[in-house]
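Q: My structure is in work-v3.json, and what it holds is JSON, C-alpha atoms (C1' of nucleotides):
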[["chain", "number", "residue", "atom", "x", "y", "z"],
["A", 100, "MET", "CA", -113.83, -63.35, 217.65],
["A", 101, "ARG", "CA", -111.13, -61.15, 219.10],
["A", 102, "ALA", "CA", -108.58, -63.10, 217.14],
["A", 103, "GLU", "CA", -110.51, -62.55, 213.93],
["A", 104, "VAL", "CA", -110.82, -58.84, 214.55],
["A", 105, "LEU", "CA", -107.15, -58.58, 215.37],
["A", 106, "ALA", "CA", -106.25, -60.51, 212.24],
["A", 107, "ILE", "CA", -108.30, -58.14, 210.11],
["A", 108, "LEU", "CA", -106.65, -55.12, 211.66],
["A", 109, "ARG", "CA", -103.17, -56.54, 211.29],
["A", 110, "LYS", "CA", -103.75, -57.53, 207.72],
["A", 111, "HIS", "CA", -105.02, -54.11, 206.83],
["A", 112, "GLY", "CA", -102.20, -52.33, 208.59],
["A", 113, "GLY", "CA", -103.91, -48.96, 208.87],
["A", 114, "PRO", "CA", -106.86, -47.66, 210.81],
["A", 115, "LEU", "CA", -110.28, -49.17, 210.31],
["A", 116, "SER", "CA", -113.64, -48.06, 211.63],
["A", 117, "ALA", "CA", -115.71, -50.48, 213.64],
["A", 118, "TYR", "CA", -118.08, -50.74, 210.71],
["A", 119, "ASP", "CA", -115.27, -51.47, 208.28],
["A", 120, "ILE", "CA", -114.40, -54.37, 210.53],
["A", 121, "LEU", "CA", -118.01, -55.37, 210.66],
["A", 122, "ASP", "CA", -118.10, -55.54, 206.87],
["A", 123, "ALA", "CA", -114.89, -57.53, 206.82],
["A", 124, "LEU", "CA", -116.41, -60.06, 209.20],
["A", 125, "ARG", "CA", -119.69, -60.37, 207.35],
["A", 126, "PRO", "CA", -118.56, -62.96, 204.79],
["A", 127, "ALA", "CA", -117.59, -65.34, 207.57],
["A", 128, "HIS", "CA", -120.39, -64.29, 209.92],
["A", 129, "PRO", "CA", -123.37, -63.19, 207.89],
["A", 130, "LYS", "CA", -125.47, -62.36, 210.91],
["A", 131, "ILE", "CA", -122.93, -60.34, 212.83],
["A", 132, "ALA", "CA", -124.04, -57.13, 214.53],
["A", 133, "PRO", "CA", -122.25, -54.07, 215.92],
["A", 134, "PRO", "CA", -122.12, -55.12, 219.58],
["A", 135, "THR", "CA", -120.00, -58.15, 218.74],
["A", 136, "VAL", "CA", -117.42, -55.98, 217.04],
["A", 137, "TYR", "CA", -117.42, -53.38, 219.77],
["A", 138, "ARG", "CA", -117.01, -56.02, 222.44],
["A", 139, "ALA", "CA", -114.07, -57.54, 220.65],
["A", 140, "LEU", "CA", -112.51, -54.12, 220.17],
["A", 141, "ALA", "CA", -113.01, -53.25, 223.82],
["A", 142, "ALA", "CA", -111.24, -56.42, 224.90],
["A", 143, "LEU", "CA", -108.40, -55.85, 222.45],
["A", 144, "THR", "CA", -107.87, -52.23, 223.43],
["A", 145, "ASP", "CA", -107.96, -53.21, 227.09],
["A", 146, "GLY", "CA", -105.33, -55.82, 226.40],
["A", 147, "GLY", "CA", -103.15, -53.36, 224.51],
["A", 148, "ASP", "CA", -103.32, -55.24, 221.22],
["A", 149, "VAL", "CA", -105.28, -52.52, 219.51],
["A", 150, "HIS", "CA", -105.25, -48.75, 219.72],
["A", 151, "ARG", "CA", -108.26, -46.57, 219.36],
["A", 152, "LEU", "CA", -107.72, -43.42, 217.34],
["A", 153, "GLU", "CA", -110.02, -41.02, 219.09],
["A", 154, "SER", "CA", -109.81, -38.29, 216.52],
["A", 155, "LEU", "CA", -110.72, -40.66, 213.70],
["A", 156, "ASN", "CA", -113.18, -42.91, 215.49],
["A", 157, "ALA", "CA", -111.11, -45.78, 214.20],
["A", 158, "PHE", "CA", -109.00, -48.66, 215.43],
["A", 159, "MET", "CA", -105.58, -49.97, 214.58],
["A", 160, "ALA", "CA", -103.51, -52.99, 215.49],
["A", 161, "CYS", "CA", -100.68, -52.15, 217.84],
["A", 162, "ARG", "CA", -97.36, -52.51, 216.13],
["A", 163, "GLY", "CA", -94.37, -53.93, 217.90],
["A", 164, "GLN", "CA", -94.69, -55.48, 221.29],
["A", 165, "HIS", "CA", -97.16, -54.53, 223.93],
["A", 166, "HIS", "CA", -96.06, -51.60, 225.99],
["A", 167, "ASP", "CA", -97.77, -50.37, 229.06],
["A", 168, "HIS", "CA", -97.16, -46.79, 228.16],
["A", 169, "ALA", "CA", -99.28, -45.05, 225.59],
["A", 170, "SER", "CA", -98.22, -44.35, 222.07],
["A", 171, "ILE", "CA", -97.99, -41.23, 219.98],
["A", 172, "MET", "CA", -100.07, -41.64, 216.87],
["A", 173, "SER", "CA", -98.98, -39.56, 213.90],
["A", 174, "ILE", "CA", -101.87, -39.28, 211.51],
["A", 175, "CYS", "CA", -101.45, -38.07, 207.95],
["A", 176, "ASP", "CA", -104.50, -36.03, 207.02],
["A", 177, "ASP", "CA", -103.66, -36.44, 203.37],
["A", 178, "CYS", "CA", -103.28, -40.18, 202.86],
["A", 179, "GLY", "CA", -104.67, -41.47, 206.13],
["A", 180, "SER", "CA", -101.59, -43.41, 207.14],
["A", 181, "VAL", "CA", -100.77, -43.64, 210.81],
["A", 182, "ASP", "CA", -97.40, -44.09, 212.47],
["A", 183, "GLU", "CA", -97.00, -45.22, 216.02],
["A", 184, "SER", "CA", -94.13, -44.11, 218.20],
["A", 185, "THR", "CA", -93.38, -43.97, 221.89],
["A", 186, "ALA", "CA", -91.72, -41.52, 224.21],
["A", 187, "PRO", "CA", -92.00, -42.70, 227.79],
["A", 188, "GLU", "CA", -90.25, -39.64, 229.19],
["A", 189, "LEU", "CA", -92.69, -37.39, 227.41],
["A", 190, "MET", "CA", -95.57, -39.32, 228.93],
["A", 191, "LYS", "CA", -94.01, -38.82, 232.30],
["A", 192, "GLU", "CA", -93.78, -35.09, 231.74],
["A", 193, "LEU", "CA", -97.36, -35.08, 230.69],
["A", 194, "SER", "CA", -98.47, -36.91, 233.80],
["A", 195, "THR", "CA", -96.39, -34.55, 235.87],
["A", 196, "ILE", "CA", -98.07, -31.52, 234.37],
["A", 197, "ALA", "CA", -101.47, -32.94, 235.20],
["A", 198, "GLU", "CA", -100.34, -33.84, 238.70],
["A", 199, "LYS", "CA", -99.65, -30.23, 239.47],
["A", 200, "PHE", "CA", -103.39, -29.85, 239.80],
["A", 201, "GLY", "CA", -103.78, -33.02, 241.81],
["A", 202, "PHE", "CA", -104.87, -34.88, 238.75],
["A", 203, "GLU", "CA", -104.07, -38.56, 238.57],
["A", 204, "ALA", "CA", -103.40, -39.56, 234.97],
["A", 205, "ARG", "CA", -104.54, -42.98, 233.85],
["A", 206, "ARG", "CA", -104.76, -42.90, 230.12],
["A", 207, "HIS", "CA", -103.04, -40.70, 227.57],
["A", 208, "VAL", "CA", -104.47, -39.80, 224.21],
["A", 209, "ILE", "CA", -101.80, -38.31, 221.99],
["A", 210, "GLU", "CA", -102.56, -37.90, 218.33],
["A", 211, "VAL", "CA", -100.66, -35.62, 216.01],
["A", 212, "HIS", "CA", -102.32, -34.64, 212.78],
["A", 213, "GLY", "CA", -100.26, -33.42, 209.88],
["A", 214, "VAL", "CA", -98.68, -34.53, 206.65],
["A", 215, "CYS", "CA", -96.45, -37.57, 206.36],
["A", 216, "ALA", "CA", -93.11, -37.71, 204.57],
["A", 217, "THR", "CA", -94.54, -39.30, 201.47],
["A", 218, "CYS", "CA", -97.38, -36.81, 201.05],
["A", 219, "GLY", "CA", -95.38, -33.77, 202.12],
["A", 220, "GLY", "CA", -92.79, -34.30, 199.43],
["A", 221, "GLU", "CA", -89.34, -33.05, 200.17],
["A", 222, "GLU", "CA", -89.33, -29.29, 200.87],
["A", 223, "THR", "CA", -90.02, -27.75, 204.26],
["A", 224, "SER", "CA", -86.48, -28.05, 205.52],
["A", 225, "ARG", "CA", -86.69, -26.03, 208.62],
["B", 151, "MET", "CA", -124.93, -17.83, 215.84],
["B", 152, "ARG", "CA", -121.31, -18.43, 216.67],
["B", 153, "ALA", "CA", -121.60, -15.90, 219.43],
["B", 154, "GLU", "CA", -124.59, -17.70, 220.86],
["B", 155, "VAL", "CA", -122.85, -21.04, 220.78],
["B", 156, "LEU", "CA", -119.79, -19.58, 222.39],
["B", 157, "ALA", "CA", -121.92, -17.95, 225.08],
["B", 158, "ILE", "CA", -123.58, -21.25, 225.86],
["B", 159, "LEU", "CA", -120.25, -23.01, 226.14],
["B", 160, "ARG", "CA", -118.75, -20.31, 228.31],
["B", 161, "LYS", "CA", -121.73, -20.22, 230.60],
["B", 162, "HIS", "CA", -121.66, -23.96, 231.06],
["B", 163, "GLY", "CA", -117.94, -24.07, 231.68],
["B", 164, "GLY", "CA", -117.50, -27.75, 230.96],
["B", 165, "PRO", "CA", -117.75, -29.87, 227.87],
["B", 166, "LEU", "CA", -120.99, -30.07, 225.93],
["B", 167, "SER", "CA", -121.97, -32.28, 223.04],
["B", 168, "ALA", "CA", -123.17, -30.70, 219.83],
["B", 169, "TYR", "CA", -126.66, -31.90, 220.63],
["B", 170, "ASP", "CA", -126.55, -30.43, 224.12],
["B", 171, "ILE", "CA", -125.83, -27.13, 222.43],
["B", 172, "LEU", "CA", -128.60, -27.76, 219.98],
["B", 173, "ASP", "CA", -131.03, -28.22, 222.84],
["B", 174, "ALA", "CA", -129.76, -25.08, 224.50],
["B", 175, "LEU", "CA", -130.40, -23.12, 221.32],
["B", 176, "ARG", "CA", -133.83, -24.52, 220.69],
["B", 177, "PRO", "CA", -135.76, -22.12, 222.95],
["B", 178, "ALA", "CA", -134.42, -19.14, 221.02],
["B", 179, "HIS", "CA", -134.37, -20.90, 217.64],
["B", 180, "PRO", "CA", -137.16, -23.44, 217.54],
["B", 181, "LYS", "CA", -136.34, -24.56, 214.01],
["B", 182, "ILE", "CA", -132.63, -25.06, 214.45],
["B", 183, "ALA", "CA", -131.02, -28.21, 213.04],
["B", 184, "PRO", "CA", -127.67, -29.98, 213.53],
["B", 185, "PRO", "CA", -125.81, -28.45, 210.56],
["B", 186, "THR", "CA", -126.19, -24.98, 212.01],
["B", 187, "VAL", "CA", -124.58, -26.04, 215.26],
["B", 188, "TYR", "CA", -121.80, -27.94, 213.55],
["B", 189, "ARG", "CA", -121.06, -25.01, 211.28],
["B", 190, "ALA", "CA", -120.80, -22.67, 214.23],
["B", 191, "LEU", "CA", -118.58, -25.12, 216.09],
["B", 192, "ALA", "CA", -116.33, -25.56, 213.08],
["B", 193, "ALA", "CA", -115.84, -21.82, 212.81],
["B", 194, "LEU", "CA", -115.19, -21.48, 216.53],
["B", 195, "THR", "CA", -112.69, -24.32, 216.68],
["B", 196, "ASP", "CA", -110.95, -22.93, 213.61],
["B", 197, "GLY", "CA", -110.71, -19.59, 215.32],
["B", 198, "GLY", "CA", -109.36, -21.12, 218.51],
["B", 199, "ASP", "CA", -112.26, -20.02, 220.67],
["B", 200, "VAL", "CA", -113.47, -23.53, 221.27],
["B", 201, "HIS", "CA", -111.71, -26.85, 221.76],
["B", 202, "ARG", "CA", -112.99, -30.12, 220.55],
["B", 203, "LEU", "CA", -112.51, -33.00, 222.96],
["B", 204, "GLU", "CA", -111.94, -35.85, 220.58],
["B", 205, "SER", "CA", -112.19, -38.59, 223.14],
["B", 206, "LEU", "CA", -115.54, -37.30, 224.38],
["B", 207, "ASN", "CA", -117.04, -36.08, 221.14],
["B", 208, "ALA", "CA", -117.69, -32.85, 222.96],
["B", 209, "PHE", "CA", -116.79, -29.18, 222.81],
["B", 210, "MET", "CA", -115.59, -26.68, 225.34],
["B", 211, "ALA", "CA", -114.92, -22.96, 225.40],
["B", 212, "CYS", "CA", -111.24, -22.15, 225.41],
["B", 213, "ARG", "CA", -110.21, -20.69, 228.71],
["B", 214, "GLY", "CA", -107.74, -17.89, 228.96],
["B", 215, "GLN", "CA", -106.54, -15.98, 225.96],
["B", 216, "HIS", "CA", -106.16, -17.53, 222.58],
["B", 217, "HIS", "CA", -102.91, -19.33, 222.06],
["B", 218, "ASP", "CA", -101.68, -20.74, 218.82],
["B", 219, "HIS", "CA", -100.27, -23.78, 220.48],
["B", 220, "ALA", "CA", -102.51, -26.63, 221.45],
["B", 221, "SER", "CA", -103.68, -27.35, 224.94],
["B", 222, "ILE", "CA", -103.47, -30.34, 227.20],
["B", 223, "MET", "CA", -106.92, -31.35, 228.27],
["B", 224, "SER", "CA", -107.13, -33.20, 231.58],
["B", 225, "ILE", "CA", -110.40, -35.07, 231.70],
["B", 226, "CYS", "CA", -111.78, -36.51, 234.91],
["B", 227, "ASP", "CA", -113.48, -39.79, 234.11],
["B", 228, "ASP", "CA", -115.35, -39.63, 237.37],
["B", 229, "CYS", "CA", -117.02, -36.21, 237.41],
["B", 230, "GLY", "CA", -116.49, -35.17, 233.81],
["B", 231, "SER", "CA", -114.65, -31.96, 234.59],
["B", 232, "VAL", "CA", -111.95, -30.83, 232.21],
["B", 233, "ASP", "CA", -108.90, -28.72, 232.91],
["B", 234, "GLU", "CA", -106.94, -26.99, 230.23],
["B", 235, "SER", "CA", -103.22, -26.40, 230.46],
["B", 236, "THR", "CA", -100.41, -25.61, 228.11],
["B", 237, "ALA", "CA", -96.82, -26.72, 227.74],
["B", 238, "PRO", "CA", -95.31, -25.24, 224.61],
["B", 239, "GLU", "CA", -91.99, -27.00, 225.07],
["B", 240, "LEU", "CA", -93.73, -30.32, 225.31],
["B", 241, "MET", "CA", -95.55, -29.60, 222.07],
["B", 242, "LYS", "CA", -92.24, -28.84, 220.49],
["B", 243, "GLU", "CA", -90.82, -32.15, 221.65],
["B", 244, "LEU", "CA", -93.83, -33.86, 220.27],
["B", 245, "SER", "CA", -93.47, -32.22, 216.89],
["B", 246, "THR", "CA", -89.79, -33.09, 216.92],
["B", 247, "ILE", "CA", -90.55, -36.74, 217.51],
["B", 248, "ALA", "CA", -92.90, -36.79, 214.58],
["B", 249, "GLU", "CA", -90.39, -34.96, 212.39],
["B", 250, "LYS", "CA", -87.90, -37.76, 212.82],
["B", 251, "PHE", "CA", -90.04, -39.64, 210.33],
["B", 252, "GLY", "CA", -90.40, -36.65, 208.05],
["B", 253, "PHE", "CA", -93.82, -35.96, 209.46],
["B", 254, "GLU", "CA", -94.98, -32.36, 209.52],
["B", 255, "ALA", "CA", -97.17, -31.77, 212.56],
["B", 256, "ARG", "CA", -100.07, -29.39, 212.19],
["B", 257, "ARG", "CA", -102.50, -30.15, 214.96],
["B", 258, "HIS", "CA", -101.94, -31.78, 218.33],
["B", 259, "VAL", "CA", -104.56, -33.74, 220.19],
["B", 260, "ILE", "CA", -103.51, -34.28, 223.78],
["B", 261, "GLU", "CA", -106.08, -35.53, 226.22],
["B", 262, "VAL", "CA", -105.26, -37.08, 229.55],
["B", 263, "HIS", "CA", -107.92, -39.19, 231.19],
["B", 264, "GLY", "CA", -107.80, -39.83, 234.89],
["B", 265, "VAL", "CA", -109.21, -38.65, 238.17],
["B", 266, "CYS", "CA", -109.22, -35.04, 239.27],
["B", 267, "ALA", "CA", -108.14, -33.76, 242.67],
["B", 268, "THR", "CA", -111.68, -33.44, 243.95],
["B", 269, "CYS", "CA", -112.72, -36.94, 242.96],
["B", 270, "GLY", "CA", -109.44, -38.60, 243.86],
["B", 271, "GLY", "CA", -109.11, -36.94, 247.23],
["B", 272, "GLU", "CA", -111.94, -38.98, 248.62],
["B", 273, "GLU", "CA", -111.92, -42.74, 248.64],
["B", 274, "THR", "CA", -114.50, -44.03, 246.25],
["B", 275, "SER", "CA", -115.13, -47.37, 244.66],
["B", 276, "ARG", "CA", -118.40, -46.79, 243.00],
["C", 29, "DT", "C1'", -129.87, 0.99, 190.14],
["C", 30, "DT", "C1'", -128.74, -3.77, 188.72],
["C", 31, "DG", "C1'", -126.05, -7.74, 188.79],
["C", 32, "DC", "C1'", -122.77, -10.83, 191.08],
["C", 33, "DG", "C1'", -120.16, -13.41, 194.38],
["C", 34, "DT", "C1'", -119.69, -14.74, 199.08],
["C", 35, "DT", "C1'", -121.26, -16.16, 203.41],
["C", 36, "DG", "C1'", -124.30, -17.96, 206.66],
["C", 37, "DC", "C1'", -128.31, -20.23, 207.70],
["C", 38, "DG", "C1'", -132.71, -23.33, 207.06],
["C", 39, "DT", "C1'", -134.45, -27.68, 205.75],
["C", 40, "DG", "C1'", -134.97, -32.53, 205.03],
["C", 41, "DA", "C1'", -132.85, -36.49, 204.62],
["C", 42, "DT", "C1'", -129.50, -39.72, 205.73],
["C", 43, "DA", "C1'", -125.01, -41.59, 207.04],
["C", 44, "DA", "C1'", -121.82, -43.10, 210.54],
["C", 45, "DT", "C1'", -120.84, -44.36, 215.11],
["C", 46, "DG", "C1'", -122.03, -46.46, 219.44],
["C", 47, "DT", "C1'", -125.13, -48.81, 223.36],
["C", 48, "DA", "C1'", -128.92, -51.01, 226.11],
["C", 49, "DA", "C1'", -131.25, -54.86, 227.25],
["C", 50, "DC", "C1'", -132.20, -59.32, 227.15],
["C", 51, "DA", "C1'", -131.60, -64.10, 225.23],
["C", 52, "DT", "C1'", -128.56, -68.02, 224.22],
["C", 53, "DA", "C1'", -124.76, -71.26, 224.35],
["C", 54, "DG", "C1'", -120.79, -73.62, 226.15],
["C", 55, "DA", "C1'", -117.00, -74.65, 229.55],
["C", 56, "DG", "C1'", -115.57, -75.77, 234.10],
["C", 57, "DA", "C1'", -116.37, -76.50, 239.17],
["C", 58, "DG", "C1'", -118.74, -78.76, 242.65],
["D", 12, "DC", "C1'", -126.30, -82.97, 236.67],
["D", 13, "DT", "C1'", -126.66, -78.15, 238.01],
["D", 14, "DC", "C1'", -124.77, -73.79, 238.91],
["D", 15, "DT", "C1'", -122.22, -70.00, 237.50],
["D", 16, "DC", "C1'", -119.40, -67.41, 234.60],
["D", 17, "DT", "C1'", -118.11, -65.64, 230.31],
["D", 18, "DA", "C1'", -118.61, -64.80, 225.46],
["D", 19, "DT", "C1'", -121.64, -64.16, 221.96],
["D", 20, "DG", "C1'", -126.21, -63.44, 219.36],
["D", 21, "DT", "C1'", -130.16, -60.51, 218.60],
["D", 22, "DT", "C1'", -133.21, -56.61, 218.41],
["D", 23, "DA", "C1'", -133.82, -52.24, 218.80],
["D", 24, "DC", "C1'", -132.42, -47.79, 219.62],
["D", 25, "DA", "C1'", -129.40, -43.62, 220.83],
["D", 26, "DT", "C1'", -125.96, -40.47, 219.65],
["D", 27, "DT", "C1'", -122.98, -38.06, 216.61],
["D", 28, "DA", "C1'", -122.19, -36.03, 212.10],
["D", 29, "DT", "C1'", -122.74, -34.89, 207.18],
["D", 30, "DC", "C1'", -124.79, -34.03, 202.41],
["D", 31, "DA", "C1'", -127.30, -31.46, 199.14],
["D", 32, "DC", "C1'", -130.07, -27.97, 198.02],
["D", 33, "DG", "C1'", -132.15, -23.42, 198.36],
["D", 34, "DC", "C1'", -132.70, -18.94, 200.09],
["D", 35, "DA", "C1'", -131.75, -14.41, 202.14],
["D", 36, "DA", "C1'", -128.52, -10.84, 203.39],
["D", 37, "DC", "C1'", -124.53, -8.35, 202.65],
["D", 38, "DG", "C1'", -120.75, -5.87, 200.15],
["D", 39, "DC", "C1'", -119.33, -4.15, 196.08],
["D", 40, "DA", "C1'", -118.50, -2.88, 191.47],
["D", 41, "DA", "C1'", -120.27, -1.51, 186.81]]
Once you've parsed the file, please lay out its structure as structure tokens.
A:
Amino acid sequence: MRAEVLAILRKHGGPLSAYDILDALRPAHPKIAPPTVYRALAALTDGGDVHRLESLNAFMACRGQHHDHASIMSICDDCGSVDESTAPELMKELSTIAEKFGFEARRHVIEVHGVCATCGGEETSR
Amino acid sequence: MRAEVLAILRKHGGPLSAYDILDALRPAHPKIAPPTVYRALAALTDGGDVHRLESLNAFMACRGQHHDHASIMSICDDCGSVDESTAPELMKELSTIAEKFGFEARRHVIEVHGVCATCGGEETSR
DNA sequence: TTGCGTTGCGTGATAATGTAACATAGAGAG
DNA sequence: CTCTCTATGTTACATTATCACGCAACGCAA
């Protein structure tokens, strides 16, 4: 089941809601219900194969190889595309900031909303 | 209405769901419905008086003075407390990373889950 | 005054997202 | 075989969020 969910996410490329995935699974599994999908997604996100986009309530296959460190998700509010990038040193800074208050960081959620290159056109040279 | 919602959030101090707020408003407004609360929250988040915690589906009064730049929300997964901090230079870095792909950043969501000083200080394996 | 646009809110319905609780099925160890 | 563990199926429900419509209040200009 996890493999099927992962395949759907990879094939689609972009973010999908749990219920989009549910619909995609229905042809093959007519009787499928939400808990099955959520369980598969939980296992996949735990394993680092899938990211959850908290600000979209959606899920996306992790591109590239598994990394322990979290990713920066750049979300285009215009076309809905999402780009994944990493910046380990930035994560470290972030953890350090939290640690100043005795906070022990375990999971980073970093999502940047904006407009992607395609949608933004070409101006805005800063 | 916005003022009432803001007062409730400030008084509580921590994060509240929209429906928690709804319940808090019910004594004074017996006929209140979800759209009213969501409209007030939308206006308050737009104005920077309230933060939305995307990974909790909750809302929190902004502490300190209004800042244009986004905040880093440190969320304790144990006790639910949330600390707000800022790091403008880190935001800048983050925007810069996104800009490498031609992405124009407009809104940053940065939420760090972990264990706060109070909860982590004591040994607990609940 | 009247008319007009804007804004905020009420109302009812419904959509979208997520979980709890318990039942079932199959693999592997002893 | 039987026990146990894990994954999944199943039913029902809980939580979070939005849509569409209408109305009342306000400011403001003719």
Q: Within 9 Å of chain D, which residues of chain B come that close, and what is the closest atom pair and distance in Å for each? Count all atoms listed in the file and give it as CSV.
A:
residue,atom,partner,partner_atom,distance
B:Ser167,CA,D:DT27,C1',8.7
B:Ala168,CA,D:DT27,C1',8.0
B:Tyr169,CA,D:DT27,C1',8.2
B:Pro184,CA,D:DA28,C1',8.3
B:Pro185,CA,D:DT29,C1',7.9
B:Tyr188,CA,D:DA28,C1',8.2
B:Asn207,CA,D:DT27,C1',7.7
Q: Could you write out as a CSV table (one decimal) with C-alpha atoms, keeping the file's coordinate frame the residues of chain A within 7 Å of chain B, counting only C-alpha atoms?
A:
chain,number,residue,atom,x,y,z
A,153,GLU,CA,-110.0,-41.0,219.1
A,154,SER,CA,-109.8,-38.3,216.5
A,173,SER,CA,-99.0,-39.6,213.9
A,197,ALA,CA,-101.5,-32.9,235.2
A,200,PHE,CA,-103.4,-29.8,239.8
A,201,GLY,CA,-103.8,-33.0,241.8
A,202,PHE,CA,-104.9,-34.9,238.8
A,203,GLU,CA,-104.1,-38.6,238.6
A,204,ALA,CA,-103.4,-39.6,235.0
A,205,ARG,CA,-104.5,-43.0,233.8
A,206,ARG,CA,-104.8,-42.9,230.1
A,207,HIS,CA,-103.0,-40.7,227.6
A,208,VAL,CA,-104.5,-39.8,224.2
A,209,ILE,CA,-101.8,-38.3,222.0
A,210,GLU,CA,-102.6,-37.9,218.3
A,211,VAL,CA,-100.7,-35.6,216.0
A,212,HIS,CA,-102.3,-34.6,212.8
A,213,GLY,CA,-100.3,-33.4,209.9
A,214,VAL,CA,-98.7,-34.5,206.6
A,215,CYS,CA,-96.4,-37.6,206.4
A,216,ALA,CA,-93.1,-37.7,204.6
Q: Could you write out as a PyMOL selection string the residues of chain B within 9 Å of chain C, counting all atoms listed in the file?
A: chain B and resi 181-183+186
Q: Calculate the C-alpha RMSD, in Å to one decimal, after superposing chain A onto chain B by least squares over all C-alpha atoms paired in sequence order.
A: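 When all C-alpha atoms are superposed, the deviation is 2.8 Å.
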Q: Which value, in Å to one decimal, gives the distance between CA of Pro165 in chain B and CA of Ser231 in chain B?
A: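 According to the coordinates, CA of Pro165 in chain B and CA of Ser231 in chain B are separated by 7.7 Å.
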Q: In Å, rounded to a single decimal, give me how far CA of Ala102 in chain A is from CA of Val149 in chain A.
A: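 These two atoms are separated by 11.3 Å.
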Q: When you draw a straight line from CA of Phe158 in chain A to CA of Leu115 in chain A, how long is it in Å?
A: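 So the answer is 5.3 Å.
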